[in-house]
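Trainee: The structure under discussion is supplied below as C-alpha coordinates; questions concerning it will follow.
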Amino acid sequence: FCRVGGMSVSKDDFARYVWENEMLLRENAMLEAYLVREKEISAREGPMEPPPTTSQKSKRPGSRAQRRRATVAAMSLEKKIFIAEKEIKAQNSHLEEIEEEYQSESINYKAMTGETEMRITEIKREAYEFKRNVLSKGVDPMTGKIKADAVIKYYDGKIRSKDTLVTKLQARNKIIAAQVAKMESQLNSKNHNEETLSPIDFRQLMIENESFSQNIDAKNKALLKIKVSTTKMGQMLTDKRQLLAGLLEEAVSLRKRIAEQEAREKKLKEELSDTKKHVSRMRKQCEKLRLAQTISDMPSIEDYVAQKSNEHELRKKIKQWETKVQLAQTEMRRARKVVGGSTTKLVKKHT
(Lines give C-alpha, C1' and ligand atoms only; values in the text may rest on other atoms or scores of the structure.)
Protein backbone atom coordinates (compact mmCIF):
# COMPACT_ATOMS: atom_id res chain seq x y z
CA PHE A 1 0.00 0.00 0.00
CA CYS A 2 1.00 3.62 -0.53
CA ARG A 3 -0.52 6.86 0.71
CA VAL A 4 -1.81 9.39 -1.87
CA GLY A 5 -3.42 12.58 -0.58
CA GLY A 6 -3.90 11.09 2.90
CA MET A 7 -5.55 7.93 1.48
CA SER A 8 -4.17 4.40 1.57
CA VAL A 9 -4.14 2.94 -1.97
CA SER A 10 -2.73 -0.40 -3.14
CA LYS A 11 -0.04 -0.51 -5.79
CA ASP A 12 -2.34 -2.19 -8.32
CA ASP A 13 -4.99 0.51 -7.87
CA PHE A 14 -2.35 3.21 -8.15
CA ALA A 15 -1.02 1.72 -11.39
CA ARG A 16 -4.58 1.47 -12.73
CA TYR A 17 -5.26 5.12 -11.84
CA VAL A 18 -2.03 6.18 -13.59
CA TRP A 19 -2.98 4.21 -16.72
CA GLU A 20 -6.51 5.68 -16.72
CA ASN A 21 -5.05 9.17 -16.34
CA GLU A 22 -2.68 8.61 -19.27
CA MET A 23 -5.51 7.31 -21.44
CA LEU A 24 -7.65 10.34 -20.53
CA LEU A 25 -4.79 12.66 -21.47
CA ARG A 26 -4.46 10.98 -24.84
CA GLU A 27 -8.20 11.12 -25.44
CA ASN A 28 -8.24 14.82 -24.50
CA ALA A 29 -5.37 15.53 -26.92
CA MET A 30 -7.18 13.65 -29.72
CA LEU A 31 -10.46 15.44 -28.94
CA GLU A 32 -8.73 18.81 -28.92
CA ALA A 33 -7.14 18.15 -32.32
CA TYR A 34 -10.51 16.98 -33.65
CA LEU A 35 -12.31 20.10 -32.43
CA VAL A 36 -9.66 22.46 -33.82
CA ARG A 37 -9.78 20.79 -37.24
CA GLU A 38 -13.59 20.74 -37.26
CA LYS A 39 -13.67 24.46 -36.45
CA GLU A 40 -11.31 25.17 -39.35
CA ILE A 41 -13.35 23.02 -41.75
CA SER A 42 -16.69 24.52 -40.60
CA ALA A 43 -15.28 28.03 -40.94
CA ARG A 44 -14.07 27.18 -44.46
CA GLU A 45 -16.82 24.88 -45.80
CA GLY A 46 -19.73 25.05 -43.36
CA PRO A 47 -20.91 22.72 -40.58
CA MET A 48 -19.79 19.08 -40.87
CA GLU A 49 -21.38 15.81 -39.75
CA PRO A 50 -21.91 15.80 -35.98
CA PRO A 51 -20.69 12.84 -33.94
CA PRO A 52 -23.33 10.20 -33.07
CA THR A 53 -25.27 10.71 -29.84
CA THR A 54 -26.16 8.09 -27.30
CA SER A 55 -29.68 7.12 -26.26
CA GLN A 56 -28.86 7.49 -22.56
CA LYS A 57 -30.37 10.44 -20.70
CA SER A 58 -27.91 12.65 -18.89
CA LYS A 59 -28.58 12.93 -15.20
CA ARG A 60 -26.60 15.13 -12.86
CA PRO A 61 -25.35 12.99 -10.00
CA GLY A 62 -25.42 14.28 -6.52
CA SER A 63 -22.05 13.36 -5.04
CA ARG A 64 -18.65 14.58 -6.18
CA ALA A 65 -17.40 11.07 -7.06
CA GLN A 66 -20.54 10.42 -9.08
CA ARG A 67 -20.05 13.73 -10.95
CA ARG A 68 -16.41 12.70 -11.72
CA ARG A 69 -17.50 9.30 -13.04
CA ALA A 70 -20.24 10.94 -15.09
CA THR A 71 -17.69 13.34 -16.59
CA VAL A 72 -15.45 10.41 -17.48
CA ALA A 73 -18.34 8.48 -19.00
CA ALA A 74 -19.82 11.53 -20.73
CA MET A 75 -18.17 10.53 -24.05
CA SER A 76 -19.64 7.26 -25.24
CA LEU A 77 -17.82 4.53 -27.11
CA GLU A 78 -19.47 5.47 -30.43
CA LYS A 79 -18.22 9.05 -30.11
CA LYS A 80 -14.71 7.86 -29.30
CA ILE A 81 -14.70 5.49 -32.30
CA PHE A 82 -16.10 8.23 -34.56
CA ILE A 83 -13.47 10.75 -33.45
CA ALA A 84 -10.70 8.14 -33.69
CA GLU A 85 -11.73 7.28 -37.27
CA LYS A 86 -11.79 10.94 -38.17
CA GLU A 87 -8.32 11.44 -36.69
CA ILE A 88 -6.97 8.36 -38.46
CA LYS A 89 -8.35 9.61 -41.78
CA ALA A 90 -6.93 13.06 -41.15
CA GLN A 91 -3.52 11.64 -40.24
CA ASN A 92 -3.55 9.36 -43.29
CA SER A 93 -4.46 12.25 -45.55
CA HIS A 94 -1.76 14.35 -43.92
CA LEU A 95 0.75 11.55 -44.46
CA GLU A 96 -0.35 11.26 -48.08
CA GLU A 97 0.09 14.99 -48.57
CA ILE A 98 3.55 14.81 -46.99
CA GLU A 99 4.45 11.84 -49.19
CA GLU A 100 3.21 13.63 -52.33
CA GLU A 101 5.14 16.72 -51.34
CA TYR A 102 8.21 14.61 -50.70
CA GLN A 103 7.87 12.88 -54.07
CA SER A 104 7.42 16.19 -55.87
CA GLU A 105 10.42 17.65 -54.03
CA SER A 106 12.43 14.52 -54.80
CA ILE A 107 11.51 14.79 -58.48
CA ASN A 108 12.47 18.47 -58.46
CA TYR A 109 15.77 17.75 -56.73
CA LYS A 110 16.53 14.92 -59.17
CA ALA A 111 15.75 17.24 -62.09
CA MET A 112 17.93 19.96 -60.58
CA THR A 113 20.72 17.44 -59.97
CA GLY A 114 20.48 16.17 -63.55
CA GLU A 115 20.46 19.72 -64.90
CA THR A 116 23.46 20.60 -62.72
CA GLU A 117 25.37 17.53 -63.89
CA MET A 118 24.55 18.36 -67.51
CA ARG A 119 25.66 21.96 -66.94
CA ILE A 120 28.92 20.79 -65.32
CA THR A 121 29.59 18.45 -68.24
CA GLU A 122 28.85 21.25 -70.71
CA ILE A 123 31.15 23.66 -68.86
CA LYS A 124 33.94 21.08 -68.84
CA ARG A 125 33.46 20.48 -72.56
CA GLU A 126 33.46 24.23 -73.27
CA ALA A 127 36.61 24.67 -71.17
CA TYR A 128 38.30 21.85 -73.08
CA GLU A 129 37.24 23.30 -76.45
CA PHE A 130 38.40 26.79 -75.40
CA LYS A 131 41.76 25.42 -74.31
CA ARG A 132 42.12 23.41 -77.51
CA ASN A 133 40.92 26.02 -80.00
CA VAL A 134 42.03 29.28 -78.37
CA LEU A 135 44.77 28.71 -75.79
CA SER A 136 46.65 26.11 -77.86
CA LYS A 137 46.05 27.18 -81.46
CA GLY A 138 45.38 30.91 -81.00
CA VAL A 139 48.82 31.87 -79.61
CA ASP A 140 50.80 34.27 -81.77
CA PRO A 141 54.28 32.76 -82.33
CA MET A 142 55.86 36.23 -82.62
CA THR A 143 54.47 37.83 -79.46
CA GLY A 144 53.53 34.73 -77.48
CA LYS A 145 50.08 36.19 -76.72
CA ILE A 146 46.60 34.96 -77.62
CA LYS A 147 45.11 36.47 -80.75
CA ALA A 148 41.94 38.50 -80.28
CA ASP A 149 40.57 37.15 -83.57
CA ALA A 150 40.72 33.57 -82.25
CA VAL A 151 38.78 34.53 -79.10
CA ILE A 152 36.17 36.49 -81.09
CA LYS A 153 35.81 33.64 -83.60
CA TYR A 154 35.38 31.10 -80.81
CA TYR A 155 32.67 33.11 -79.01
CA ASP A 156 30.88 33.89 -82.28
CA GLY A 157 30.69 30.17 -82.95
CA LYS A 158 29.39 29.52 -79.43
CA ILE A 159 26.72 32.23 -79.83
CA ARG A 160 25.59 30.76 -83.16
CA SER A 161 25.38 27.27 -81.62
CA LYS A 162 23.36 28.70 -78.69
CA ASP A 163 20.99 30.44 -81.10
CA THR A 164 20.52 27.17 -83.00
CA LEU A 165 19.84 25.33 -79.74
CA VAL A 166 17.29 28.00 -78.69
CA THR A 167 15.51 27.64 -82.02
CA LYS A 168 15.37 23.86 -81.63
CA LEU A 169 14.09 24.16 -78.06
CA GLN A 170 11.40 26.64 -79.11
CA ALA A 171 10.22 24.27 -81.83
CA ARG A 172 10.24 21.39 -79.38
CA ASN A 173 8.33 23.51 -76.86
CA LYS A 174 5.67 24.26 -79.46
CA ILE A 175 5.35 20.54 -80.25
CA ILE A 176 5.03 19.68 -76.56
CA ALA A 177 2.47 22.45 -76.03
CA ALA A 178 0.42 21.07 -78.92
CA GLN A 179 0.64 17.58 -77.42
CA VAL A 180 -0.46 18.92 -74.02
CA ALA A 181 -3.42 20.70 -75.58
CA LYS A 182 -4.36 17.52 -77.43
CA MET A 183 -4.14 15.45 -74.27
CA GLU A 184 -6.22 18.00 -72.34
CA SER A 185 -8.91 17.92 -75.03
CA GLN A 186 -8.90 14.11 -74.92
CA LEU A 187 -9.14 14.20 -71.13
CA ASN A 188 -12.02 16.67 -71.24
CA SER A 189 -13.86 14.53 -73.80
CA LYS A 190 -13.20 11.46 -71.68
CA ASN A 191 -14.59 13.18 -68.58
CA HIS A 192 -17.65 14.25 -70.59
CA ASN A 193 -18.14 10.68 -71.80
CA GLU A 194 -17.79 9.38 -68.26
CA GLU A 195 -20.44 11.85 -67.09
CA THR A 196 -22.87 10.65 -69.79
CA LEU A 197 -21.96 6.97 -69.27
CA SER A 198 -24.97 4.71 -68.62
CA PRO A 199 -24.99 2.10 -65.84
CA ILE A 200 -24.99 -0.71 -68.40
CA ASP A 201 -21.90 0.68 -70.13
CA PHE A 202 -20.26 1.21 -66.77
CA ARG A 203 -21.00 -2.41 -65.80
CA GLN A 204 -19.62 -3.61 -69.12
CA LEU A 205 -16.48 -1.55 -68.62
CA MET A 206 -16.10 -3.01 -65.13
CA ILE A 207 -16.37 -6.53 -66.57
CA GLU A 208 -13.81 -5.70 -69.27
CA ASN A 209 -11.54 -4.15 -66.64
CA GLU A 210 -11.82 -7.29 -64.51
CA SER A 211 -10.97 -9.49 -67.50
CA PHE A 212 -8.05 -7.22 -68.38
CA SER A 213 -6.87 -7.38 -64.76
CA GLN A 214 -6.99 -11.18 -64.85
CA ASN A 215 -5.07 -11.19 -68.12
CA ILE A 216 -2.51 -8.80 -66.64
CA ASP A 217 -2.15 -11.04 -63.57
CA ALA A 218 -1.68 -14.10 -65.78
CA LYS A 219 0.86 -12.23 -67.91
CA ASN A 220 2.67 -11.07 -64.77
CA LYS A 221 2.83 -14.65 -63.48
CA ALA A 222 4.11 -15.85 -66.85
CA LEU A 223 6.62 -13.01 -66.87
CA LEU A 224 7.74 -13.99 -63.37
CA LYS A 225 8.23 -17.58 -64.51
CA ILE A 226 10.15 -16.37 -67.54
CA LYS A 227 12.33 -14.18 -65.30
CA VAL A 228 13.03 -17.15 -63.00
CA SER A 229 13.87 -19.38 -65.96
CA THR A 230 15.98 -16.58 -67.45
CA THR A 231 17.87 -16.26 -64.18
CA LYS A 232 18.47 -20.02 -64.13
CA MET A 233 19.55 -19.97 -67.77
CA GLY A 234 21.84 -17.02 -67.04
CA GLN A 235 23.41 -18.95 -64.18
CA MET A 236 23.79 -22.01 -66.39
CA LEU A 237 25.26 -19.83 -69.14
CA THR A 238 27.75 -18.37 -66.65
CA ASP A 239 28.75 -21.87 -65.53
CA LYS A 240 29.11 -23.03 -69.13
CA ARG A 241 31.18 -19.96 -69.95
CA GLN A 242 33.49 -20.69 -67.04
CA LEU A 243 33.74 -24.33 -68.18
CA LEU A 244 34.41 -23.17 -71.75
CA ALA A 245 37.11 -20.79 -70.49
CA GLY A 246 38.75 -23.66 -68.58
CA LEU A 247 38.55 -25.92 -71.65
CA LEU A 248 40.02 -23.18 -73.85
CA GLU A 249 42.92 -22.73 -71.42
CA GLU A 250 43.46 -26.49 -71.39
CA ALA A 251 43.31 -26.53 -75.20
CA VAL A 252 45.93 -23.76 -75.37
CA SER A 253 48.22 -25.68 -73.00
CA LEU A 254 47.67 -28.88 -75.05
CA ARG A 255 48.47 -27.00 -78.27
CA LYS A 256 51.70 -25.76 -76.70
CA ARG A 257 52.61 -29.28 -75.59
CA ILE A 258 51.76 -30.66 -79.04
CA ALA A 259 53.93 -27.98 -80.66
CA GLU A 260 56.79 -28.82 -78.28
CA GLN A 261 56.40 -32.55 -78.99
CA GLU A 262 56.29 -31.87 -82.73
CA ALA A 263 59.45 -29.76 -82.51
CA ARG A 264 61.13 -32.48 -80.45
CA GLU A 265 59.99 -35.14 -82.91
CA LYS A 266 61.32 -33.07 -85.81
CA LYS A 267 64.65 -32.67 -84.03
CA LEU A 268 64.83 -36.39 -83.31
CA LYS A 269 64.01 -37.16 -86.94
CA GLU A 270 66.81 -34.84 -88.05
CA GLU A 271 69.24 -36.47 -85.61
CA LEU A 272 68.10 -39.93 -86.78
CA SER A 273 68.61 -38.91 -90.39
CA ASP A 274 72.11 -37.58 -89.58
CA THR A 275 72.87 -40.78 -87.66
CA LYS A 276 71.69 -42.92 -90.59
CA LYS A 277 73.87 -40.90 -92.96
CA HIS A 278 76.85 -41.27 -90.61
CA VAL A 279 76.26 -45.02 -90.29
CA SER A 280 76.03 -45.28 -94.05
CA ARG A 281 79.33 -43.41 -94.44
CA MET A 282 80.99 -45.58 -91.80
CA ARG A 283 79.70 -48.72 -93.52
CA LYS A 284 81.08 -47.51 -96.82
CA GLN A 285 84.46 -46.80 -95.19
CA CYS A 286 84.45 -50.25 -93.58
CA GLU A 287 83.68 -51.83 -96.93
CA LYS A 288 86.51 -49.86 -98.51
CA LEU A 289 88.91 -50.90 -95.73
CA ARG A 290 87.87 -54.53 -95.99
CA LEU A 291 88.31 -54.40 -99.75
CA ALA A 292 91.73 -52.77 -99.38
CA GLN A 293 92.73 -55.39 -96.78
CA THR A 294 91.78 -58.26 -99.06
CA ILE A 295 93.68 -56.76 -101.99
CA SER A 296 96.96 -55.77 -100.21
CA ASP A 297 99.55 -58.14 -98.60
CA MET A 298 99.57 -56.34 -95.32
CA PRO A 299 99.18 -58.43 -92.18
CA SER A 300 95.95 -58.58 -90.38
CA ILE A 301 95.11 -56.47 -87.41
CA GLU A 302 95.51 -59.39 -85.00
CA ASP A 303 99.06 -60.06 -86.26
CA TYR A 304 99.88 -56.39 -85.97
CA VAL A 305 98.66 -56.26 -82.38
CA ALA A 306 100.66 -59.45 -81.50
CA GLN A 307 103.79 -58.05 -83.12
CA LYS A 308 103.42 -54.77 -81.25
CA SER A 309 103.02 -56.71 -77.97
CA ASN A 310 106.18 -58.76 -78.72
CA GLU A 311 108.03 -55.58 -79.61
CA HIS A 312 106.96 -54.03 -76.29
CA GLU A 313 108.14 -57.12 -74.36
CA LEU A 314 111.48 -57.15 -76.18
CA ARG A 315 112.07 -53.47 -75.51
CA LYS A 316 111.30 -54.07 -71.85
CA LYS A 317 113.84 -56.93 -71.72
CA ILE A 318 116.43 -54.79 -73.51
CA LYS A 319 116.01 -52.08 -70.86
CA GLN A 320 116.40 -54.73 -68.13
CA TRP A 321 119.60 -56.10 -69.68
CA GLU A 322 120.99 -52.61 -70.18
CA THR A 323 120.37 -51.93 -66.48
CA LYS A 324 122.12 -55.17 -65.55
CA VAL A 325 125.08 -54.28 -67.81
CA GLN A 326 125.38 -50.86 -66.20
CA LEU A 327 125.38 -52.44 -62.74
CA ALA A 328 127.98 -54.99 -63.84
CA GLN A 329 130.19 -52.26 -65.29
CA THR A 330 129.92 -50.32 -62.04
CA GLU A 331 130.92 -53.40 -60.05
CA MET A 332 133.77 -54.08 -62.44
CA ARG A 333 135.11 -50.55 -62.08
CA ARG A 334 134.84 -50.81 -58.33
CA ALA A 335 136.64 -54.19 -58.37
CA ARG A 336 139.40 -52.83 -60.57
CA LYS A 337 139.92 -49.99 -58.16
CA VAL A 338 140.16 -52.43 -55.27
CA VAL A 339 142.50 -54.70 -57.14
CA GLY A 340 144.69 -51.78 -58.28
CA GLY A 341 145.01 -50.45 -54.70
CA SER A 342 146.01 -53.78 -53.25
CA THR A 343 148.64 -54.29 -55.97
CA THR A 344 150.18 -50.93 -55.26
CA LYS A 345 150.39 -51.76 -51.55
CA LEU A 346 152.12 -55.11 -52.29
CA VAL A 347 154.64 -53.44 -54.61
CA LYS A 348 155.50 -50.85 -52.01
CA LYS A 349 155.86 -53.49 -49.34
CA HIS A 350 158.30 -55.59 -51.40
CA THR A 351 160.34 -52.56 -52.29
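For the C-alpha coordinates, the naming scheme is as follows: chains receive sequential letters (A, B, ...) according to their order of presentation, residues are indexed from 1 within each chain, and ligands are indexed from 1 in presentation order.
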As a ChimeraX atom specification, which residues of segment 40-277 of chain A does DSSP assign to helix (DSSP H, G or I)?
Mentor: /A:40-45,64-72,77-136,148-195,199-277
Trainee: What does the distance between atom CA of Leu272 of chain A and atom CA of Gln285 of chain A come to in Å, to one decimal place?
Mentor: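 Separation of atom CA of Leu272 of chain A and atom CA of Gln285 of chain A: 19.6 Å.
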Trainee: Identify, on the basis of only C-alpha atoms, every residue whose closest approach to segment 144-160 of chain A does not exceed 10 Å; exclude the query and any residue fewer than 5 positions from it along the same chain; express the result as an MDAnalysis selection string.
Mentor: chainID A and resid 126 129:130 133:139 165:166
Trainee: Can you tell me how far atom CA of Met236 of chain A sits from atom CA of Leu223 of chain A, in Å to one decimal?
Mentor: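 Separation between atom CA of Met236 of chain A and atom CA of Leu223 of chain A: 19.4 Å.
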